[in-house]
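Here is upload_26.cif, consisting of mmCIF, C-alpha atoms:
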data_protein
loop_
_atom_site.label_atom_id
_atom_site.label_comp_id
_atom_site.auth_asym_id
_atom_site.auth_seq_id
_atom_site.Cartn_x
_atom_site.Cartn_y
_atom_site.Cartn_z
CA MET X 73 32.02 -45.77 -62.43
CA SER X 74 33.97 -48.63 -60.94
CA PRO X 75 32.13 -51.04 -58.58
CA ARG X 76 31.95 -49.82 -55.03
CA PRO X 77 34.35 -51.73 -52.72
CA PRO X 78 32.95 -54.03 -50.03
CA ARG X 79 31.77 -52.29 -46.88
CA ARG X 80 34.29 -53.27 -44.23
CA LEU X 81 34.09 -52.63 -40.50
CA PRO X 82 37.49 -51.43 -39.25
CA LEU X 83 38.35 -52.53 -35.74
CA GLY X 84 38.67 -48.97 -34.47
CA THR X 85 35.27 -48.04 -35.84
CA ALA X 86 33.69 -51.14 -34.39
CA THR X 87 35.16 -50.29 -31.00
CA SER X 88 33.87 -46.73 -31.16
CA ILE X 89 30.38 -47.82 -32.14
CA GLY X 90 30.34 -50.55 -29.53
CA ALA X 91 31.47 -48.17 -26.80
CA ALA X 92 28.78 -45.68 -27.70
CA VAL X 93 26.08 -48.34 -27.73
CA LEU X 94 27.25 -49.77 -24.41
CA ALA X 95 27.30 -46.31 -22.87
CA PHE X 96 23.72 -45.73 -23.94
CA THR X 97 22.75 -49.17 -22.65
CA ALA X 98 24.25 -48.46 -19.23
CA ILE X 99 22.31 -45.20 -18.95
CA THR X 100 19.09 -46.88 -20.06
CA VAL X 101 19.51 -49.75 -17.62
CA ALA X 102 20.09 -47.31 -14.77
CA GLY X 103 16.97 -45.37 -15.69
CA LEU X 104 14.79 -48.46 -16.03
CA GLY X 105 16.20 -50.42 -13.12
CA SER X 106 13.15 -49.81 -10.93
CA PHE X 107 10.68 -50.98 -13.55
CA GLY X 108 10.11 -54.72 -13.35
CA ALA X 109 8.59 -54.77 -16.82
CA PHE X 110 12.03 -54.13 -18.29
CA SER X 111 14.00 -56.49 -16.05
CA GLY X 112 14.06 -59.24 -18.66
CA LEU X 113 15.48 -57.11 -21.46
CA THR X 114 19.01 -57.89 -22.59
CA SER X 115 21.61 -55.18 -23.13
CA ALA X 116 21.35 -55.63 -26.89
CA ARG X 117 17.59 -55.10 -26.84
CA LEU X 118 17.92 -52.05 -24.62
CA ALA X 119 20.51 -50.60 -27.01
CA MET X 120 18.04 -50.96 -29.87
CA LEU X 121 15.39 -48.77 -28.22
CA ALA X 122 16.97 -45.53 -29.43
CA ALA X 123 18.01 -43.83 -32.64
CA PRO X 124 21.77 -43.42 -33.16
CA GLU X 125 23.73 -40.62 -31.57
CA ALA X 126 25.48 -38.13 -33.85
CA VAL X 127 28.87 -39.72 -33.19
CA GLU X 128 27.47 -43.12 -34.16
CA VAL X 129 26.16 -41.75 -37.46
CA GLU X 130 29.57 -40.20 -38.14
CA ALA X 131 31.34 -43.48 -37.32
CA THR X 132 28.96 -45.43 -39.55
CA LEU X 133 29.55 -43.02 -42.43
CA ALA X 134 33.27 -43.66 -42.00
CA ARG X 135 32.61 -47.36 -42.53
CA VAL X 136 31.44 -46.58 -46.07
CA GLY X 137 34.32 -44.19 -46.77
CA ILE X 138 32.58 -40.91 -45.99
CA THR X 139 34.45 -38.61 -43.61
CA ALA X 140 35.11 -34.89 -43.52
CA GLU X 141 38.58 -35.63 -44.90
CA THR X 142 37.40 -37.72 -47.86
CA LEU X 143 34.62 -35.25 -48.67
CA ALA X 144 37.10 -32.37 -48.68
CA ALA X 145 39.64 -34.29 -50.77
CA ALA X 146 36.90 -35.13 -53.29
CA GLY X 147 36.26 -31.42 -53.78
CA CYS X 148 32.98 -31.26 -51.87
CA SER X 149 31.90 -27.89 -50.52
CA SER X 150 30.52 -27.06 -47.09
CA GLY X 151 27.06 -27.15 -48.66
CA ASP X 152 27.73 -30.64 -49.99
CA ALA X 153 28.83 -31.76 -46.53
CA THR X 154 25.64 -30.34 -45.04
CA ASN X 155 23.56 -32.33 -47.53
CA VAL X 156 25.56 -35.51 -46.88
CA GLY X 157 25.09 -35.20 -43.13
CA ALA X 158 21.39 -34.38 -43.38
CA ASP X 159 20.69 -37.18 -45.86
CA ALA X 160 22.61 -39.71 -43.76
CA LEU X 161 20.83 -38.63 -40.59
CA ALA X 162 17.45 -38.90 -42.29
CA HIS X 163 18.23 -42.36 -43.63
CA LEU X 164 19.73 -43.76 -40.44
CA ASP X 165 16.51 -43.46 -38.46
CA THR X 166 15.58 -45.77 -35.61
CA THR X 167 14.37 -48.52 -37.95
CA ASN X 168 17.42 -48.55 -40.23
CA TRP X 169 19.83 -48.10 -37.32
CA ASN X 170 18.30 -51.02 -35.44
CA ALA X 171 18.49 -53.15 -38.58
CA LEU X 172 22.20 -52.34 -38.94
CA VAL X 173 22.98 -52.97 -35.26
CA SER X 174 21.18 -56.31 -35.52
CA ALA X 175 22.99 -57.19 -38.75
CA ASP X 176 26.36 -56.36 -37.20
CA GLY X 177 25.52 -58.66 -34.30
CA ASP X 178 24.51 -61.44 -36.68
CA VAL X 179 27.81 -61.11 -38.56
CA ARG X 180 29.79 -61.21 -35.32
CA ASP X 181 27.92 -64.31 -34.14
CA ALA X 182 28.35 -66.04 -37.49
CA GLN X 183 32.06 -65.18 -37.59
CA ALA X 184 32.54 -66.52 -34.05
CA GLU X 185 30.97 -69.83 -35.06
CA VAL X 186 33.15 -70.06 -38.18
CA ASP X 187 36.23 -69.34 -36.07
CA ARG X 188 35.25 -71.94 -33.45
CA LEU X 189 34.64 -74.70 -35.96
CA GLY X 190 37.61 -73.66 -38.07
CA LYS X 191 39.94 -74.24 -35.12
CA LEU X 192 38.63 -77.78 -34.77
CA VAL X 193 39.11 -78.44 -38.48
CA ARG X 194 42.66 -77.03 -38.55
CA ALA X 195 43.59 -79.01 -35.44
CA GLY X 196 42.33 -82.23 -37.00
CA GLN X 197 39.75 -82.64 -34.22
CA ALA X 198 36.59 -82.20 -36.31
CA ASP X 199 34.27 -85.13 -36.91
CA GLN X 200 31.84 -85.35 -39.82
CA GLU X 201 29.18 -83.44 -37.92
CA ASP X 202 31.64 -80.63 -37.27
CA LEU X 203 32.66 -80.54 -40.93
CA THR X 204 29.03 -80.24 -42.00
CA ALA X 205 28.42 -77.54 -39.40
CA TYR X 206 31.53 -75.69 -40.59
CA ALA X 207 30.28 -75.56 -44.17
CA THR X 208 26.89 -74.35 -42.94
CA ALA X 209 28.50 -71.72 -40.70
CA LYS X 210 30.54 -70.32 -43.59
CA SER X 211 27.42 -70.12 -45.73
CA THR X 212 25.57 -68.36 -42.91
CA LEU X 213 28.43 -65.88 -42.50
CA ALA X 214 28.34 -65.07 -46.21
CA THR X 215 24.59 -64.49 -46.05
CA GLU X 216 24.73 -62.32 -42.94
CA THR X 217 27.63 -60.31 -44.35
CA SER X 218 25.73 -59.72 -47.57
CA THR X 219 22.72 -58.50 -45.60
CA ARG X 220 24.87 -56.16 -43.50
CA ASP X 221 26.69 -54.84 -46.57
CA GLY X 222 23.38 -54.17 -48.27
CA LEU X 223 22.34 -51.96 -45.35
CA LEU X 224 25.63 -50.06 -45.53
CA ASP X 225 25.25 -49.67 -49.30
CA ALA X 226 21.81 -48.16 -48.74
CA LEU X 227 23.28 -45.66 -46.27
CA TYR X 228 26.02 -44.74 -48.73
CA ASP X 229 23.55 -44.24 -51.58
CA ALA X 230 21.37 -42.01 -49.40
CA ALA X 231 24.30 -39.95 -48.14
CA VAL X 232 25.77 -39.19 -51.58
CA ALA X 233 22.45 -38.64 -53.34
CA ASP X 234 23.16 -34.91 -53.83
CA LEU X 235 26.81 -35.24 -54.86
CA THR X 236 28.12 -35.26 -58.43
CA SER X 237 29.25 -38.45 -60.12
CA GLY X 238 32.82 -37.13 -60.08
CA GLU X 239 32.72 -36.62 -56.33
CA THR X 240 31.25 -40.06 -55.65
CA THR X 241 33.81 -41.69 -57.93
CA LEU X 242 36.62 -40.11 -55.92
CA LEU X 243 34.99 -41.16 -52.64
CA GLU X 244 34.77 -44.75 -53.85
CA THR X 245 38.36 -44.75 -55.11
CA MET X 246 39.63 -43.43 -51.78
CA HIS X 247 37.54 -46.01 -49.92
CA GLY X 248 38.93 -48.79 -52.09
CA ASN X 249 42.48 -47.62 -51.33
CA SER X 250 41.88 -46.82 -47.66
CA ASP X 251 44.08 -49.69 -46.48
CA ARG X 252 47.14 -48.19 -48.19
CA PRO X 253 49.50 -46.63 -45.61
CA VAL X 254 49.95 -43.31 -47.41
CA PRO X 255 48.47 -39.82 -46.93
CA LEU X 256 44.89 -39.47 -48.13
CA GLN X 257 45.59 -37.37 -51.24
CA TYR X 258 47.50 -40.25 -52.84
CA THR X 259 44.52 -42.61 -52.57
CA VAL X 260 42.48 -40.70 -55.16
CA SER X 261 44.37 -42.64 -57.85
CA ASP X 262 44.59 -46.39 -58.34
CA ARG X 263 48.05 -47.98 -58.52
CA THR X 264 49.49 -51.46 -58.75
CA ASP X 265 50.65 -53.20 -55.58
CA ALA X 266 54.26 -52.61 -56.63
CA GLN X 267 53.59 -48.90 -57.15
CA TRP X 268 51.90 -48.59 -53.75
CA THR X 269 54.87 -50.27 -52.10
CA SER X 270 57.35 -47.99 -53.87
CA LEU X 271 55.39 -44.88 -52.89
CA ARG X 272 55.11 -46.00 -49.27
CA ASN X 273 58.83 -46.72 -49.08
CA ALA X 274 59.74 -43.43 -50.74
CA LEU X 275 57.59 -41.44 -48.32
CA ALA X 276 59.12 -43.33 -45.40
CA ASN X 277 62.64 -42.65 -46.68
CA ILE X 278 61.97 -38.92 -46.96
CA LYS X 279 60.42 -38.77 -43.50
CA THR X 280 63.16 -40.79 -41.82
CA SER X 281 65.91 -38.87 -43.57
CA GLY X 282 64.43 -35.59 -42.40
CA MET X 283 64.25 -36.83 -38.81
CA CYS X 284 67.90 -37.90 -38.97
CA GLY X 285 69.07 -34.69 -40.61
CA GLU X 286 70.16 -36.53 -43.74
CA ASP X 287 69.38 -36.08 -47.42
CA PRO X 288 66.72 -38.47 -48.74
CA ASP X 289 67.42 -40.91 -51.53
CA THR X 290 67.27 -39.13 -54.88
CA ALA X 291 65.08 -41.79 -56.46
CA CYS X 292 62.63 -41.53 -53.57
CA THR X 293 62.45 -37.76 -53.88
CA THR X 294 61.84 -38.02 -57.62
CA LEU X 295 59.07 -40.59 -57.17
CA VAL X 296 57.20 -38.53 -54.58
CA THR X 297 57.66 -35.34 -56.60
CA ASN X 298 56.16 -37.04 -59.65
CA CYS X 299 53.23 -38.38 -57.63
CA ASN X 300 52.60 -34.95 -56.12
CA ALA X 301 52.48 -33.52 -59.65
CA GLU X 302 49.69 -35.87 -60.73
CA THR X 303 46.58 -33.80 -61.38
CA GLU X 304 44.30 -35.86 -59.14
CA VAL X 305 46.78 -35.91 -56.26
CA ALA X 306 47.60 -32.21 -56.51
CA THR X 307 43.91 -31.30 -56.64
CA ALA X 308 43.07 -33.48 -53.63
CA ALA X 309 45.93 -31.98 -51.61
CA SER X 310 44.78 -28.47 -52.49
CA ASN X 311 41.18 -29.33 -51.62
CA LEU X 312 42.23 -30.63 -48.22
CA ASP X 313 44.17 -27.46 -47.48
CA SER X 314 41.36 -25.13 -48.49
CA ASN X 315 38.15 -27.03 -47.70
CA LEU X 316 38.73 -29.34 -44.74
CA ALA X 317 37.91 -26.90 -41.94
CA GLY X 318 34.66 -25.75 -43.53
CA VAL X 319 33.59 -29.24 -44.55
CA THR X 320 34.30 -30.60 -41.06
CA SER X 321 32.25 -27.87 -39.40
CA ALA X 322 29.36 -28.27 -41.84
CA LEU X 323 29.24 -32.06 -41.47
CA HIS X 324 29.30 -31.89 -37.67
CA THR X 325 26.58 -29.25 -37.65
CA ALA X 326 24.37 -31.31 -39.97
CA LEU X 327 24.80 -34.32 -37.69
CA GLY X 328 23.96 -32.26 -34.62
CA GLN X 329 27.44 -32.24 -33.09
CA GLU X 330 27.81 -28.43 -33.02
#
Do you think you could lay out the structure here as structure tokens?
Amino acid sequence: MSPRPPRRLPLGTATSIGAAVLAFTAITVAGLGSFGAFSGLTSARLAMLAAPEAVEVEATLARVGITAETLAAAGCSSGDATNVGADALAHLDTTNWNALVSADGDVRDAQAEVDRLGKLVRAGQADQEDLTAYATAKSTLATETSTRDGLLDALYDAAVADLTSGETTLLETMHGNSDRPVPLQYTVSDRTDAQWTSLRNALANIKTSGMCGEDPDTACTTLVTNCNAETEVATAASNLDSNLAGVTSALHTALGQE
């Protein structure tokens, strides 16, 4: 099995998680407003008093490449999705959730310090003390990121514990290719940068030609046809067509969303 790709936090996911946490914080503050004992608590501390909501668990799973779409494309059944959701929910208890929220905050703080000092360095305004602090800040960021990624790796391992090695391999391949601007079924296979670019351009040509009522470029049509005929791609596309609805429902039910 190829090494699992780094756990990245997409901006959209970060926004969703942050909004959910802030919403909970606002409700908690309103409920505790009359109790002086809680008046000194910060919003971050208040947010860490509760276990994650179902939508937060789902968003966190997406950070490690596990969604209803990727599960379906990997050939997982509704039963598999139920196990993934239940295992993730069991792992992401109050303790582990709080650790992840804290780690995310530490990474954000460390990144902000690196950005602040980096601007001084790039502008030629940094003195020796700033240069030393910059090196320390980058080291701190690397450490905090490693800690955060370790927590996400633990969630991933818990969530896929009941899946087959073939299913987890496909999940990891799709996660590693998730930044490629192509439909999901194409990300089950690895390609060179040049091949990804050619596929993206060919798909765009076919789409644009159809919108304009014109015939697509023959070479583009041939390339996409050949990619669609690849066993892994064809299987993933078929799995999405036949399994997505059931997998989505099962995952949401396991997470307590239905």
**OP:** Identify which of the residues X:Ala306, X:Leu189, X:Val254, X:Val260 lies closest to X:Leu275, counting all atoms listed in the file when measuring atom-to-atom distances.
**Re:** X:Val254
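The result of the PyMOL selection byres ((chain X and resi 218-222) around 10) on the shown file is Pro78, Arg79, Arg80, Leu81, Val136, Ala171, Leu172, Val173, Ser174, Ala175, Asp176, Gly177, Asp178, Val179, Thr212, Leu213, Ala214, Thr215, Glu216, Thr217, Leu223, Leu224, Asp225, Ala226, Leu227 and Tyr228 of chain X.
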Report as a PDB file with C-alpha atoms, in the coordinates of the input the full result of the PyMOL selection byres ((chain X and resi 246) around 10) when it is applied to this structure.
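Saved as result34.pdb:
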ATOM      1  CA  PRO X  77      34.350 -51.730 -52.720  1.00  0.00           C
ATOM      2  CA  GLY X 137      34.320 -44.190 -46.770  1.00  0.00           C
ATOM      3  CA  ILE X 138      32.580 -40.910 -45.990  1.00  0.00           C
ATOM      4  CA  THR X 142      37.400 -37.720 -47.860  1.00  0.00           C
ATOM      5  CA  ALA X 145      39.640 -34.290 -50.770  1.00  0.00           C
ATOM      6  CA  ALA X 146      36.900 -35.130 -53.290  1.00  0.00           C
ATOM      7  CA  THR X 240      31.250 -40.060 -55.650  1.00  0.00           C
ATOM      8  CA  THR X 241      33.810 -41.690 -57.930  1.00  0.00           C
ATOM      9  CA  LEU X 242      36.620 -40.110 -55.920  1.00  0.00           C
ATOM     10  CA  LEU X 243      34.990 -41.160 -52.640  1.00  0.00           C
ATOM     11  CA  GLU X 244      34.770 -44.750 -53.850  1.00  0.00           C
ATOM     12  CA  THR X 245      38.360 -44.750 -55.110  1.00  0.00           C
ATOM     13  CA  HIS X 247      37.540 -46.010 -49.920  1.00  0.00           C
ATOM     14  CA  GLY X 248      38.930 -48.790 -52.090  1.00  0.00           C
ATOM     15  CA  ASN X 249      42.480 -47.620 -51.330  1.00  0.00           C
ATOM     16  CA  SER X 250      41.880 -46.820 -47.660  1.00  0.00           C
ATOM     17  CA  ASP X 251      44.080 -49.690 -46.480  1.00  0.00           C
ATOM     18  CA  ARG X 252      47.140 -48.190 -48.190  1.00  0.00           C
ATOM     19  CA  LEU X 256      44.890 -39.470 -48.130  1.00  0.00           C
ATOM     20  CA  GLN X 257      45.590 -37.370 -51.240  1.00  0.00           C
ATOM     21  CA  TYR X 258      47.500 -40.250 -52.840  1.00  0.00           C
ATOM     22  CA  THR X 259      44.520 -42.610 -52.570  1.00  0.00           C
ATOM     23  CA  VAL X 260      42.480 -40.700 -55.160  1.00  0.00           C
ATOM     24  CA  SER X 261      44.370 -42.640 -57.850  1.00  0.00           C
ATOM     25  CA  ASP X 262      44.590 -46.390 -58.340  1.00  0.00           C
TER      26      ASP X 262
END
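Applied to this file, the PyMOL selection byres ((chain X and resi 163) around 10) selects X:Gly157, X:Ala158, X:Asp159, X:Ala160, X:Leu161, X:Ala162, X:Leu164, X:Asp165, X:Thr166, X:Thr167, X:Asn168, X:Trp169, X:Ala226, X:Leu227, X:Tyr228, X:Asp229, X:Ala230, X:Ala231.
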**OP:** Work out how far apart atom CA of X:Ser149 and atom CA of X:Leu327 are and give it in Å to one decimal.
**Re:**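 That distance, rounded to one decimal, is 16.0 Å.
Between atom CA of X:Pro253 and atom CA of X:Thr269 lies a distance of 9.2 Å.
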**OP:** Go through X:Val193, X:Val127, X:Val305, X:Met283 and flag the residue nearest X:Gly328, using only C-alpha atoms for the distances.
**Re:**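 For X:Gly328, the nearest of the given residues is X:Val127.
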Original post:
Leaving out X:Ala317 and any residue of its chain fewer than 3 positions from it, which residues lie within 10 Å of it when counting all atoms listed in the file, given as a ChimeraX atom specification?
Top reply: /X:140-141,144,150,312-314,320-322
Restricted to C-alpha atoms, what would the selected residues look like written as a PDB file, in the frame of the given file?
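Okay, out_9.pdb is ready:
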ATOM      1  CA  ALA X 140      35.110 -34.890 -43.520  1.00  0.00           C
ATOM      2  CA  GLU X 141      38.580 -35.630 -44.900  1.00  0.00           C
ATOM      3  CA  ALA X 144      37.100 -32.370 -48.680  1.00  0.00           C
ATOM      4  CA  SER X 150      30.520 -27.060 -47.090  1.00  0.00           C
ATOM      5  CA  LEU X 312      42.230 -30.630 -48.220  1.00  0.00           C
ATOM      6  CA  ASP X 313      44.170 -27.460 -47.480  1.00  0.00           C
ATOM      7  CA  SER X 314      41.360 -25.130 -48.490  1.00  0.00           C
ATOM      8  CA  THR X 320      34.300 -30.600 -41.060  1.00  0.00           C
ATOM      9  CA  SER X 321      32.250 -27.870 -39.400  1.00  0.00           C
ATOM     10  CA  ALA X 322      29.360 -28.270 -41.840  1.00  0.00           C
TER      11      ALA X 322
END
**OP:** Report the distance between atom CA of X:Asp287 and atom CA of X:Ser310 in Å, rounded to one decimal place.
**Re:** 26.2 Å
Original post:
Using all atoms listed in the file, which residue out of X:Ser211, X:Gln267, X:Asn311, X:Asn277 lies closest to X:Cys299?
Top reply: X:Gln267
**OP:** Would you please work out which residue, of X:Gly285, X:Asp199, X:Thr293, X:Ala207, is nearest to X:Asp187 when using all atoms listed in the file?
**Re:**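 Result for the nearest residue to X:Asp187: X:Ala207.
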Original post:
For X:Asn155, which of X:Leu271, X:Leu203, X:Ala308, X:Val319 is the closest residue, counting all atoms listed in the file?
Top reply: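 Comparing X:Leu271, X:Leu203, X:Ala308, X:Val319 against X:Asn155, the winner is X:Val319.
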**OP:** Measuring atom to atom with only C-alpha atoms, identify which of X:Ala309, X:Leu192, X:Ile278, X:Val232 is nearest to X:Leu295.
**Re:**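 Among the listed residues, X:Ile278 lies closest to X:Leu295.
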Copy stretch 160-171 of chain X out of the block into a file, keeping all heavy atoms, as a short mmCIF file (atom, residue, chain, number, x, y, z; two decimals), in the first residue's frame.
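Final output, selection.cif:
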data_model
loop_
_atom_site.label_atom_id
_atom_site.label_comp_id
_atom_site.auth_asym_id
_atom_site.auth_seq_id
_atom_site.Cartn_x
_atom_site.Cartn_y
_atom_site.Cartn_z
N ALA X 160 -15.92 5.96 13.39
CA ALA X 160 -15.44 7.34 13.47
C ALA X 160 -16.08 8.06 14.65
O ALA X 160 -15.41 8.79 15.39
CB ALA X 160 -15.75 8.08 12.17
N LEU X 161 -17.38 7.85 14.83
CA LEU X 161 -18.09 8.50 15.92
C LEU X 161 -17.57 8.02 17.27
O LEU X 161 -17.41 8.82 18.21
CB LEU X 161 -19.59 8.20 15.80
CG LEU X 161 -20.56 9.12 16.54
CD1 LEU X 161 -20.43 10.55 16.04
CD2 LEU X 161 -21.99 8.63 16.34
N ALA X 162 -17.27 6.73 17.37
CA ALA X 162 -16.74 6.19 18.62
C ALA X 162 -15.35 6.75 18.91
O ALA X 162 -15.01 7.04 20.07
CB ALA X 162 -16.69 4.67 18.55
N HIS X 163 -14.55 6.89 17.87
CA HIS X 163 -13.19 7.40 18.07
C HIS X 163 -13.18 8.89 18.40
O HIS X 163 -12.43 9.33 19.28
CB HIS X 163 -12.34 7.17 16.81
CG HIS X 163 -10.98 7.79 16.91
ND1 HIS X 163 -9.93 7.18 17.56
CD2 HIS X 163 -10.49 8.98 16.46
CE1 HIS X 163 -8.86 7.95 17.51
NE2 HIS X 163 -9.17 9.05 16.84
N LEU X 164 -14.02 9.65 17.71
CA LEU X 164 -13.99 11.10 17.88
C LEU X 164 -14.87 11.50 19.06
O LEU X 164 -15.81 12.28 18.94
CB LEU X 164 -14.45 11.78 16.59
CG LEU X 164 -13.82 13.15 16.27
CD1 LEU X 164 -12.31 13.06 16.25
CD2 LEU X 164 -14.31 13.66 14.93
N ASP X 165 -14.53 10.96 20.23
CA ASP X 165 -15.25 11.30 21.45
C ASP X 165 -14.81 12.68 21.94
O ASP X 165 -14.02 13.36 21.28
CB ASP X 165 -15.03 10.23 22.52
CG ASP X 165 -13.55 10.02 22.84
OD1 ASP X 165 -12.71 10.85 22.43
OD2 ASP X 165 -13.23 9.01 23.49
N THR X 166 -15.32 13.08 23.09
CA THR X 166 -15.01 14.41 23.60
C THR X 166 -13.50 14.63 23.74
O THR X 166 -12.97 15.68 23.36
CB THR X 166 -15.70 14.64 24.95
OG1 THR X 166 -17.11 14.47 24.80
CG2 THR X 166 -15.41 16.04 25.48
N THR X 167 -12.80 13.63 24.27
CA THR X 167 -11.36 13.77 24.48
C THR X 167 -10.61 13.95 23.17
O THR X 167 -9.81 14.88 23.01
CB THR X 167 -10.81 12.55 25.23
OG1 THR X 167 -11.45 12.45 26.51
CG2 THR X 167 -9.30 12.67 25.42
N ASN X 168 -10.85 13.06 22.21
CA ASN X 168 -10.14 13.14 20.94
C ASN X 168 -10.56 14.36 20.12
O ASN X 168 -9.74 14.95 19.41
CB ASN X 168 -10.36 11.86 20.13
CG ASN X 168 -9.62 10.67 20.72
OD1 ASN X 168 -8.59 10.84 21.38
ND2 ASN X 168 -10.13 9.47 20.51
N TRP X 169 -11.84 14.72 20.21
CA TRP X 169 -12.30 15.91 19.49
C TRP X 169 -11.64 17.17 20.06
O TRP X 169 -11.16 18.02 19.31
CB TRP X 169 -13.81 16.02 19.59
CG TRP X 169 -14.37 17.31 19.05
CD1 TRP X 169 -14.95 18.30 19.77
CD2 TRP X 169 -14.41 17.74 17.69
NE1 TRP X 169 -15.35 19.34 18.95
CE2 TRP X 169 -15.03 19.01 17.66
CE3 TRP X 169 -13.98 17.18 16.49
CZ2 TRP X 169 -15.23 19.73 16.48
CZ3 TRP X 169 -14.17 17.90 15.31
CH2 TRP X 169 -14.79 19.15 15.32
N ASN X 170 -11.61 17.27 21.39
CA ASN X 170 -10.97 18.43 22.00
C ASN X 170 -9.50 18.52 21.65
O ASN X 170 -8.95 19.60 21.42
CB ASN X 170 -11.13 18.37 23.53
CG ASN X 170 -12.56 18.61 23.97
OD1 ASN X 170 -13.38 19.09 23.20
ND2 ASN X 170 -12.87 18.26 25.21
N ALA X 171 -8.84 17.36 21.60
CA ALA X 171 -7.42 17.34 21.23
C ALA X 171 -7.23 17.85 19.81
O ALA X 171 -6.29 18.61 19.52
CB ALA X 171 -6.86 15.93 21.37
#
